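Colleague: Coordinates in start29.txt, compact mmCIF, C-alpha atoms and all ligand atoms, are listed below.
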```
# COMPACT_ATOMS: atom_id res chain seq x y z
CA MET A 1232 -13.68 3.05 19.65
CA ALA A 1233 -15.58 5.83 17.96
CA SER A 1234 -17.07 3.63 15.28
CA ASN A 1235 -18.59 0.18 15.64
CA ASN A 1236 -17.41 -0.61 12.17
CA PHE A 1237 -13.90 -0.97 13.42
CA ILE A 1238 -13.44 -4.62 14.30
CA ASP A 1239 -10.00 -5.76 15.38
CA TYR A 1240 -10.83 -9.15 16.89
CA VAL A 1241 -12.82 -12.11 15.61
CA LYS A 1242 -13.01 -15.74 16.62
CA ILE A 1243 -13.65 -18.10 13.75
CA ASN A 1244 -14.17 -21.82 13.41
CA CYS A 1245 -11.80 -23.21 10.80
CA ARG A 1246 -12.30 -26.69 9.47
CA SER A 1247 -9.96 -27.97 6.82
CA GLY A 1248 -10.99 -30.76 4.44
CA ASN A 1249 -10.37 -34.46 5.06
CA GLY A 1250 -7.95 -36.13 2.72
CA GLY A 1251 -9.55 -38.61 0.32
CA ALA A 1252 -8.81 -42.31 0.86
CA GLY A 1253 -6.38 -44.14 -1.37
CA SER A 1254 -7.95 -46.78 -3.58
CA ALA A 1255 -7.27 -50.53 -3.25
CA HIS A 1256 -8.35 -51.33 -6.78
CA PHE A 1257 -6.87 -54.03 -9.03
CA PHE A 1258 -6.60 -53.84 -12.75
CA ARG A 1259 -9.13 -56.03 -14.53
CA ALA A 1260 -9.47 -56.70 -18.24
CA LYS A 1261 -10.79 -59.35 -20.54
CA GLY A 1262 -8.34 -62.21 -20.37
CA LEU A 1263 -6.52 -60.60 -17.44
CA PRO A 1264 -8.68 -61.30 -14.39
CA ASN A 1265 -5.86 -60.83 -11.91
CA GLY A 1266 -4.14 -57.61 -12.96
CA GLY A 1267 -1.89 -55.71 -10.59
CA PRO A 1268 -2.85 -53.04 -8.08
CA ASP A 1269 -3.92 -49.77 -9.75
CA GLY A 1270 -5.59 -47.88 -6.91
CA GLY A 1271 -4.95 -44.12 -7.11
CA ASP A 1272 -4.17 -41.78 -4.24
CA GLY A 1273 -6.83 -39.79 -2.43
CA GLY A 1274 -6.96 -36.02 -3.02
CA ARG A 1275 -5.76 -33.59 -0.36
CA GLY A 1276 -8.40 -31.91 1.78
CA GLY A 1277 -8.84 -28.16 1.28
CA HIS A 1278 -6.63 -25.81 3.34
CA ILE A 1279 -7.82 -22.69 5.13
CA ILE A 1280 -5.43 -20.00 3.93
CA LEU A 1281 -4.95 -16.40 5.03
CA GLU A 1282 -4.07 -13.84 2.39
CA GLY A 1283 -2.86 -10.29 3.10
CA ASN A 1284 -4.84 -7.52 1.43
CA SER A 1285 -3.63 -3.95 1.78
CA GLN A 1286 -7.08 -2.61 0.88
CA LEU A 1287 -8.58 -3.97 4.09
CA TRP A 1288 -8.30 -2.15 7.39
CA THR A 1289 -10.51 -4.13 9.72
CA LEU A 1290 -11.77 -7.66 10.33
CA LEU A 1291 -15.36 -6.48 9.99
CA HIS A 1292 -16.00 -8.63 6.92
CA LEU A 1293 -15.30 -11.76 8.95
CA GLN A 1294 -17.75 -10.96 11.68
CA TYR A 1295 -20.53 -12.69 9.78
CA GLN A 1296 -18.39 -15.45 8.30
CA LYS A 1297 -17.37 -17.22 11.44
CA HIS A 1298 -17.51 -20.73 10.00
CA GLN A 1299 -14.91 -21.44 7.38
CA PHE A 1300 -15.15 -25.01 6.15
CA ALA A 1301 -12.98 -26.27 3.32
CA GLU A 1302 -13.95 -29.14 1.03
CA ASN A 1303 -12.84 -32.73 1.52
CA GLY A 1304 -10.57 -34.36 -1.01
CA THR A 1305 -12.18 -37.17 -2.99
CA ASN A 1306 -11.04 -40.78 -2.90
CA GLY A 1307 -8.53 -42.22 -5.31
CA GLY A 1308 -9.92 -44.33 -8.14
CA GLU A 1309 -9.01 -47.15 -10.39
CA ALA A 1310 -6.42 -46.87 -13.14
CA LEU A 1311 -4.19 -44.80 -10.80
CA CYS A 1312 -6.67 -41.96 -10.80
CA THR A 1313 -5.80 -39.47 -8.09
CA GLY A 1314 -8.80 -38.08 -6.22
CA ALA A 1315 -9.69 -34.42 -6.64
CA GLN A 1316 -8.19 -31.97 -4.20
CA GLY A 1317 -10.68 -30.28 -1.87
CA LYS A 1318 -11.10 -26.60 -2.70
CA ASP A 1319 -9.06 -24.32 -0.44
CA ILE A 1320 -10.66 -21.43 1.36
CA ILE A 1321 -8.79 -18.17 1.12
CA ILE A 1322 -9.59 -15.60 3.77
CA GLN A 1323 -8.57 -12.05 2.95
CA VAL A 1324 -7.22 -10.15 5.93
CA PRO A 1325 -5.65 -6.73 6.54
CA LEU A 1326 -1.90 -6.44 6.98
CA GLY A 1327 -0.94 -6.79 10.63
CA THR A 1328 -3.39 -9.63 11.25
CA ILE A 1329 -2.22 -12.21 13.75
CA ALA A 1330 -3.88 -15.62 14.02
CA ARG A 1331 -3.84 -17.45 17.34
CA ASN A 1332 -5.08 -20.80 18.51
CA ALA A 1333 -8.16 -19.85 20.56
CA GLU A 1334 -7.52 -22.49 23.21
CA THR A 1335 -3.81 -22.05 23.86
CA GLY A 1336 -3.41 -18.44 22.73
CA GLU A 1337 -0.38 -19.59 20.78
CA LYS A 1338 0.45 -17.51 17.73
CA LYS A 1339 0.08 -19.46 14.52
CA VAL A 1340 0.76 -16.97 11.74
CA GLU A 1341 1.14 -13.28 11.09
CA ILE A 1342 0.31 -11.54 7.83
CA THR A 1343 2.47 -8.55 7.02
CA GLU A 1344 2.46 -8.19 3.24
CA HIS A 1345 -0.02 -7.72 0.46
CA GLY A 1346 -0.58 -10.96 -1.43
CA GLN A 1347 1.21 -13.02 1.21
CA ARG A 1348 -0.51 -16.40 1.67
CA ILE A 1349 -0.05 -18.63 4.68
CA ILE A 1350 -1.81 -21.91 5.40
CA LEU A 1351 -3.71 -21.44 8.65
CA THR A 1352 -5.37 -24.85 8.93
CA PRO A 1353 -3.88 -27.49 6.64
CA GLY A 1354 -6.14 -29.93 4.86
CA GLY A 1355 -5.67 -33.65 5.49
CA ARG A 1356 -3.28 -35.46 3.15
CA GLY A 1357 -4.83 -37.86 0.71
CA GLY A 1358 -4.18 -41.57 1.40
CA LEU A 1359 -1.85 -43.53 -0.87
CA GLY A 1360 -3.42 -46.04 -3.23
CA ASN A 1361 -2.50 -49.73 -3.11
CA ASP A 1362 -0.16 -49.29 -6.06
CA HIS A 1363 2.38 -47.75 -3.62
CA PHE A 1364 2.41 -50.85 -1.46
CA LYS A 1365 3.36 -53.49 -3.99
CA SER A 1366 6.70 -55.10 -3.39
CA ALA A 1367 8.66 -58.15 -4.41
CA THR A 1368 6.99 -60.22 -1.73
CA ASN A 1369 3.53 -58.73 -2.00
CA GLN A 1370 2.50 -58.07 -5.53
CA ALA A 1371 -1.17 -57.78 -4.77
CA PRO A 1372 -1.55 -55.50 -1.74
CA THR A 1373 -5.16 -55.07 -0.73
CA TYR A 1374 -4.19 -52.24 1.56
CA ALA A 1375 -4.58 -48.58 0.69
CA GLN A 1376 -4.10 -45.69 3.10
CA PRO A 1377 -7.10 -43.87 4.47
CA GLY A 1378 -7.08 -40.10 4.01
CA GLU A 1379 -5.78 -37.97 6.84
CA PRO A 1380 -8.63 -36.19 8.61
CA GLY A 1381 -8.87 -32.41 8.38
CA ILE A 1382 -8.52 -30.19 11.44
CA ASP A 1383 -11.39 -28.49 13.21
CA GLU A 1384 -10.22 -25.61 15.37
CA LEU A 1385 -11.13 -22.25 16.81
CA VAL A 1386 -8.85 -19.47 15.68
CA ILE A 1387 -8.64 -15.91 16.91
CA LEU A 1388 -7.76 -13.28 14.34
CA GLU A 1389 -6.45 -10.10 15.84
CA LEU A 1390 -5.42 -6.92 14.16
CA LYS A 1391 -2.28 -5.38 15.52
CA LEU A 1392 -2.98 -1.69 15.38
CA LEU A 1393 -0.93 -0.43 12.55
CA ALA A 1394 1.17 2.33 13.88
CA ASP A 1395 1.11 4.92 16.56
CA VAL A 1396 1.67 8.56 17.03
CA GLY A 1397 3.03 9.91 20.29
CA LEU A 1398 2.13 13.41 21.49
CA VAL A 1399 5.00 15.49 22.78
CA GLY A 1400 4.55 18.90 24.37
CA PHE A 1401 4.84 21.16 27.38
CA PRO A 1402 2.19 20.89 30.07
CA ASN A 1403 -1.03 22.68 29.07
CA ALA A 1404 -0.22 22.49 25.35
CA GLY A 1405 -3.56 20.79 24.72
CA LYS A 1406 -2.38 17.21 24.23
CA SER A 1407 -5.19 15.56 26.17
CA THR A 1408 -7.77 17.86 24.61
CA LEU A 1409 -6.64 16.84 21.13
CA LEU A 1410 -6.83 13.16 22.05
CA SER A 1411 -10.35 13.69 23.39
CA VAL A 1412 -11.58 15.26 20.14
CA VAL A 1413 -10.03 12.74 17.76
CA SER A 1414 -10.77 9.58 19.73
CA ALA A 1415 -13.28 8.17 22.19
CA ALA A 1416 -10.71 8.47 25.01
CA LYS A 1417 -11.78 10.71 27.87
CA PRO A 1418 -8.56 11.96 29.43
CA LYS A 1419 -8.65 14.53 32.21
CA ILE A 1420 -8.28 18.06 30.89
CA ALA A 1421 -7.59 21.17 32.95
CA ASP A 1422 -5.93 24.54 32.68
CA TYR A 1423 -3.01 23.71 34.92
CA ALA A 1424 0.28 21.97 34.28
CA PHE A 1425 0.63 18.22 34.78
CA THR A 1426 -3.03 17.39 34.53
CA THR A 1427 -2.04 14.17 32.84
CA LEU A 1428 -0.10 11.96 35.23
CA THR A 1429 -0.24 8.69 33.36
CA PRO A 1430 -0.35 8.05 29.62
CA ASN A 1431 -3.66 7.78 27.78
CA LEU A 1432 -4.17 5.89 24.58
CA GLY A 1433 -6.91 6.52 22.07
CA VAL A 1434 -7.82 4.88 18.80
CA VAL A 1435 -8.33 7.52 16.16
CA ALA A 1436 -10.84 6.59 13.48
CA TYR A 1437 -9.70 7.75 10.10
CA ARG A 1438 -11.41 7.78 6.70
CA ASP A 1439 -12.89 4.50 5.44
CA TYR A 1440 -12.64 2.59 8.70
CA LYS A 1441 -8.91 2.98 9.02
CA SER A 1442 -7.45 3.85 12.37
CA PHE A 1443 -4.33 4.58 14.29
CA VAL A 1444 -3.41 4.82 17.93
CA MET A 1445 -2.51 8.09 19.59
CA ALA A 1446 -0.61 8.21 22.87
CA ASP A 1447 -1.02 11.23 25.14
CA ILE A 1448 1.68 11.44 27.76
CA PRO A 1449 2.41 13.83 30.63
CA GLY A 1450 3.91 17.18 29.67
CA ILE A 1451 7.65 17.63 29.32
CA ILE A 1452 9.47 20.69 30.62
CA GLU A 1453 13.00 21.97 30.37
CA GLY A 1454 15.14 19.92 32.74
CA ALA A 1455 12.82 16.93 32.56
CA ALA A 1456 15.80 14.75 31.70
CA GLU A 1457 17.26 15.68 35.09
CA GLY A 1458 14.01 14.83 36.79
CA ARG A 1459 12.20 18.16 36.80
CA GLY A 1460 8.43 18.05 36.58
CA LEU A 1461 7.31 14.51 36.15
CA GLY A 1462 10.63 13.71 34.53
CA ILE A 1463 10.89 11.77 31.34
CA ARG A 1464 10.13 8.26 32.43
CA PHE A 1465 6.90 8.48 30.48
CA LEU A 1466 8.87 8.91 27.30
CA LYS A 1467 9.24 5.16 27.19
CA HIS A 1468 5.62 5.10 26.10
CA ILE A 1469 6.48 6.89 22.89
CA GLU A 1470 9.60 4.86 22.16
CA ARG A 1471 7.63 2.35 20.18
CA ASN A 1472 5.53 4.94 18.35
CA SER A 1473 6.44 5.35 14.76
CA ILE A 1474 5.97 9.11 14.61
CA LEU A 1475 5.97 11.96 17.09
CA LEU A 1476 3.50 14.81 16.98
CA PHE A 1477 4.82 17.87 18.76
CA LEU A 1478 2.17 20.19 20.18
CA ILE A 1479 3.03 23.78 20.97
CA SER A 1480 0.44 26.35 21.97
CA VAL A 1481 0.03 29.65 20.11
CA ASP A 1482 0.43 31.39 23.44
CA SER A 1483 3.94 30.04 23.83
CA ASN A 1484 6.53 32.81 24.22
CA ASP A 1485 8.73 31.41 21.50
CA ILE A 1486 7.57 28.43 19.46
CA ALA A 1487 10.94 27.68 17.86
CA ASP A 1488 12.63 27.83 21.25
CA GLU A 1489 10.03 25.55 22.85
CA TYR A 1490 10.50 23.08 20.01
CA GLU A 1491 14.27 23.04 20.62
CA ILE A 1492 13.76 22.42 24.34
CA LEU A 1493 11.47 19.48 23.60
CA LEU A 1494 13.97 18.05 21.13
CA SER A 1495 16.80 18.42 23.59
CA GLU A 1496 14.89 16.65 26.36
CA LEU A 1497 14.03 13.78 24.01
CA ARG A 1498 17.66 13.55 22.91
CA GLN A 1499 18.84 13.28 26.50
CA PHE A 1500 16.36 10.51 27.17
CA ASN A 1501 17.08 8.50 24.06
CA PRO A 1502 18.74 9.92 20.94
CA GLU A 1503 16.94 7.33 18.82
CA LEU A 1504 13.71 9.21 19.46
CA LEU A 1505 15.01 11.91 17.14
CA GLU A 1506 15.19 9.43 14.29
CA LYS A 1507 11.43 9.20 14.24
CA LYS A 1508 9.40 11.23 11.84
CA ARG A 1509 8.16 14.45 13.46
CA LEU A 1510 5.13 16.63 12.85
CA LEU A 1511 4.24 19.89 14.55
CA ALA A 1512 0.80 21.18 15.44
CA ILE A 1513 0.44 24.70 16.79
CA THR A 1514 -2.51 24.39 19.16
CA LYS A 1515 -5.24 26.77 20.36
CA ALA A 1516 -5.23 28.59 17.00
CA ASP A 1517 -8.71 29.86 17.90
CA LEU A 1518 -7.01 32.32 20.24
CA ILE A 1519 -5.38 34.25 17.39
CA ASP A 1520 -6.62 35.84 14.18
CA ASP A 1521 -5.45 35.08 10.66
CA GLU A 1522 -3.11 38.04 10.59
CA LEU A 1523 -1.25 36.94 13.70
CA GLU A 1524 -1.18 33.38 12.41
CA ALA A 1525 0.49 34.54 9.20
CA GLU A 1526 3.05 36.49 11.21
CA MET A 1527 3.77 33.47 13.42
CA ARG A 1528 4.17 31.22 10.45
CA ALA A 1529 7.40 33.01 9.59
CA THR A 1530 8.90 32.15 12.97
CA LEU A 1531 8.20 28.42 12.93
CA PRO A 1532 10.82 25.69 12.74
CA THR A 1533 11.25 24.69 9.11
CA ASP A 1534 12.43 21.10 9.39
CA LEU A 1535 9.03 19.48 9.82
CA PRO A 1536 5.45 19.68 8.48
CA THR A 1537 3.41 22.12 10.55
CA VAL A 1538 -0.27 22.92 10.93
CA PHE A 1539 -2.26 25.35 13.08
CA ILE A 1540 -5.08 23.55 14.86
CA SER A 1541 -7.82 24.16 17.37
CA SER A 1542 -9.40 21.33 19.31
CA LEU A 1543 -12.03 23.82 20.42
CA THR A 1544 -13.29 24.82 16.96
CA ASN A 1545 -12.03 21.72 15.11
CA LYS A 1546 -9.88 23.91 12.92
CA ASN A 1547 -7.59 21.79 10.71
CA ILE A 1548 -8.26 18.61 12.69
CA MET A 1549 -8.97 16.63 9.51
CA PRO A 1550 -5.88 17.96 7.69
CA LEU A 1551 -3.89 17.03 10.80
CA LYS A 1552 -5.22 13.46 10.63
CA ASP A 1553 -4.32 13.38 6.92
CA MET A 1554 -0.82 14.55 7.77
CA ILE A 1555 -0.46 11.87 10.44
CA TRP A 1556 -1.81 9.15 8.19
CA GLN A 1557 0.55 10.11 5.42
CA ALA A 1558 3.52 10.11 7.76
CA LEU A 1559 2.54 6.73 9.23
CA ASN A 1560 2.22 5.15 5.83
CA ALA A 1561 5.08 6.80 4.01
CA LYS A 1562 7.40 4.20 2.58
CA ASP A 1563 10.73 5.40 3.88
N1 LIG A 1601 -8.75 27.95 23.45
C1 LIG A 1601 -8.37 26.70 23.42
N2 LIG A 1601 -8.02 26.07 24.58
C2 LIG A 1601 -7.60 24.79 24.53
C3 LIG A 1601 -7.49 24.09 23.31
N3 LIG A 1601 -7.03 22.86 23.56
C4 LIG A 1601 -6.84 22.78 24.91
N4 LIG A 1601 -7.18 23.95 25.50
C5 LIG A 1601 -7.15 24.25 26.93
O1 LIG A 1601 -5.81 24.16 27.40
C6 LIG A 1601 -5.77 23.66 28.72
C7 LIG A 1601 -4.83 22.47 28.80
O2 LIG A 1601 -5.36 21.40 28.04
P1 LIG A 1601 -4.90 19.90 28.24
O3 LIG A 1601 -5.46 19.16 27.09
O4 LIG A 1601 -5.22 19.43 29.60
O5 LIG A 1601 -3.33 20.06 28.09
P2 LIG A 1601 -2.20 18.95 28.22
O6 LIG A 1601 -1.20 19.24 27.18
O7 LIG A 1601 -2.81 17.60 28.18
O8 LIG A 1601 -1.60 19.26 29.63
P3 LIG A 1601 -0.83 18.29 30.68
O9 LIG A 1601 -1.65 17.06 30.82
O10 LIG A 1601 -0.78 19.08 31.94
O11 LIG A 1601 0.52 18.06 30.10
C8 LIG A 1601 -7.20 23.33 29.09
O12 LIG A 1601 -7.74 24.38 29.85
C9 LIG A 1601 -7.89 23.23 27.74
O13 LIG A 1601 -9.25 23.55 27.83
C10 LIG A 1601 -7.88 24.78 22.09
O14 LIG A 1601 -7.83 24.27 20.98
N5 LIG A 1601 -8.29 26.07 22.21
MG MG A 1602 -2.82 16.19 29.53
```
Output the file's structure as structure tokens, nothing else.
Ligand SMILES: Nc1nc2c(ncn2[C@@H]2O[C@H](COP(=O)(O)OP(=O)(O)OP(=O)(O)O)[C@@H](O)[C@H]2O)c(=O)[nH]1
Ligand SMILES: [Mg+2]
Modeller:
Amino acid sequence: MASNNFIDYVKINCRSGNGGAGSAHFFRAKGLPNGGPDGGDGGRGGHIILEGNSQLWTLLHLQYQKHQFAENGTNGGEALCTGAQGKDIIIQVPLGTIARNAETGEKKVEITEHGQRIILTPGGRGGLGNDHFKSATNQAPTYAQPGEPGIDELVILELKLLADVGLVGFPNAGKSTLLSVVSAAKPKIADYAFTTLTPNLGVVAYRDYKSFVMADIPGIIEGAAEGRGLGIRFLKHIERNSILLFLISVDSNDIADEYEILLSELRQFNPELLEKKRLLAITKADLIDDELEAEMRATLPTDLPTVFISSLTNKNIMPLKDMIWQALNAKD
């Protein structure tokens, strides 16, 4: 990861509050020395609760708050007084946070919406006071329930990386080079076709500690669906990506034509791939001047947002990231 401020995994110790004990008190008053049971219930122990917050993008804020202890409930009192509930602890987490039991790895909860609250570690129930135990045959129960103990556990919070962008392009289009300039990934780069033989993933740091994952896959050529080149088996790696970024080099003979070939190969592999949002980056823009760029602009496909970039000079790399981020987070 390019920045140490991006934290997507923390282990925290959660301890919910003990429930307060029920009271075994009996009513007493002048002239009424043997009143009935009036012990109140104990208060519930505090819960540890997770709350989704769409303004958070990492678990960094929890790195120094690894002990989360909720308050105990207080005991029940006389005159049917219920004990006070232990204060809950509410932990704010980014959307896409998954909580697991650290020992078993079992998933406990997942937060997907802003404002969503889920109890992670429930507080102990308060015990019932003796008033609950009176009956026809026992009108003076001296028994009251103890409070239920809280739970002390280790929990792993993990951030599922929000969404991905898959790179689609001919060999040599500059896919791996782009990944290497926007992420800490170090894919092999060379000026021959099929340099990339297996997919590479990189985490792209975006403004304010946000991030997304970019997948660089081997180049696709015409006929890939029939097995030419490395074929299209690698396309399965972009099936779960939420958007596709097409990369076509400025030195392509015909950008619109190359785009159509890529689309057609994707369609043959899995038509659903064409339902994903698409963006187009024309790469190696450092090789042409502004005049030529303006001329080329007129020949580009018009059905998707397009930007001229250069991984060599960093031209339009930030606007490209903005474009990707917008597409990943668009609400449609
Ligand atoms: N001038 C210039 N050359 C670039 C740029 N980006 C990539 N290249 C060059 O283009 C060639 C291919 O780059 P790669 O990143 O390996 O291309 P690829 O799309 O990953 O290729 P495959 O893995 O074979 O599919 C290399 O020689 C790069 O140095 C750029 O922005 N400007
Ligand atoms: Mg490559």
Colleague: What is the distance, in Å and to one decimal place, between CA of Phe1401 in chain A and atom O7 of ligand LIG 1601 (chain A)?
Modeller: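 Separation between CA of Phe1401 in chain A and atom O7 of ligand LIG 1601 (chain A): 8.5 Å.
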Colleague: Atom C6 of ligand LIG 1601 (chain A) to CA of Lys1406 in chain A: how many Å, to one decimal?
Modeller: 8.6 Å
Colleague: So which residues touch Phe1500 in chain A within 9 Å, counting only C-alpha atoms, skipping near sequence neighbours fewer than 2 positions away, as a PyMOL selection string?
Modeller: chain A and resi 1456+1463-1464+1466-1467+1495-1498+1502-1504
Colleague: Rounded to one decimal, what separation in Å do you get between CA of Ala1404 in chain A and CA of Ile1486 in chain A?
Modeller: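 It comes out at 11.4 Å.
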Colleague: Between A:Glu1384, A:Glu1526, A:Glu1282, A:Asp1517, which is the closest to Arg1331 in chain A once you count only C-alpha atoms?
Modeller: A:Glu1384
Colleague: Show which residues sit within 6 Å of Leu1390 in chain A, as number ranges by chain. Count only C-alpha atoms, and ignore same-chain residues fewer than 6 positions away.
Modeller: A: 1239, 1327-1328
Colleague: Can you list, as number ranges by chain, every protein, DNA or RNA residue that comes within 9 Å of range 1261-1273 of chain A when you count only C-alpha atoms, leaving out same-chain residues fewer than 5 positions away?
Modeller: A: 1250-1256, 1304-1316, 1356-1365, 1370-1373, 1375-1378
Colleague: At a cut-off of 10 Å and counting only C-alpha atoms and all ligand atoms, what residues surround ligand LIG 1601 (chain A)? Please answer as an MDAnalysis selection string.
Modeller: chainID A and resid 1398:1412 1418:1431 1447:1452 1461 1478:1482 1513:1519 1539:1546
Colleague: Using all atoms listed in the file, which of A:Asn1284, A:Asn1249, A:Gln1296, A:Thr1352 sits nearest Pro1325 in chain A?
Modeller: A:Asn1284
Colleague: If we count only C-alpha atoms, what is near Gly1381 in chain A at a cut-off of 10 Å, once residues fewer than 6 positions away on the same chain are taken out, given as a PyMOL selection string?
Modeller: chain A and resi 1245-1250+1275-1278+1300-1304+1352-1356
Colleague: Using all atoms listed in the file, which residue out of A:Ile1243, A:Leu1388, A:Leu1510, A:Leu1351 lies closest to Leu1290 in chain A?
Modeller: A:Leu1388
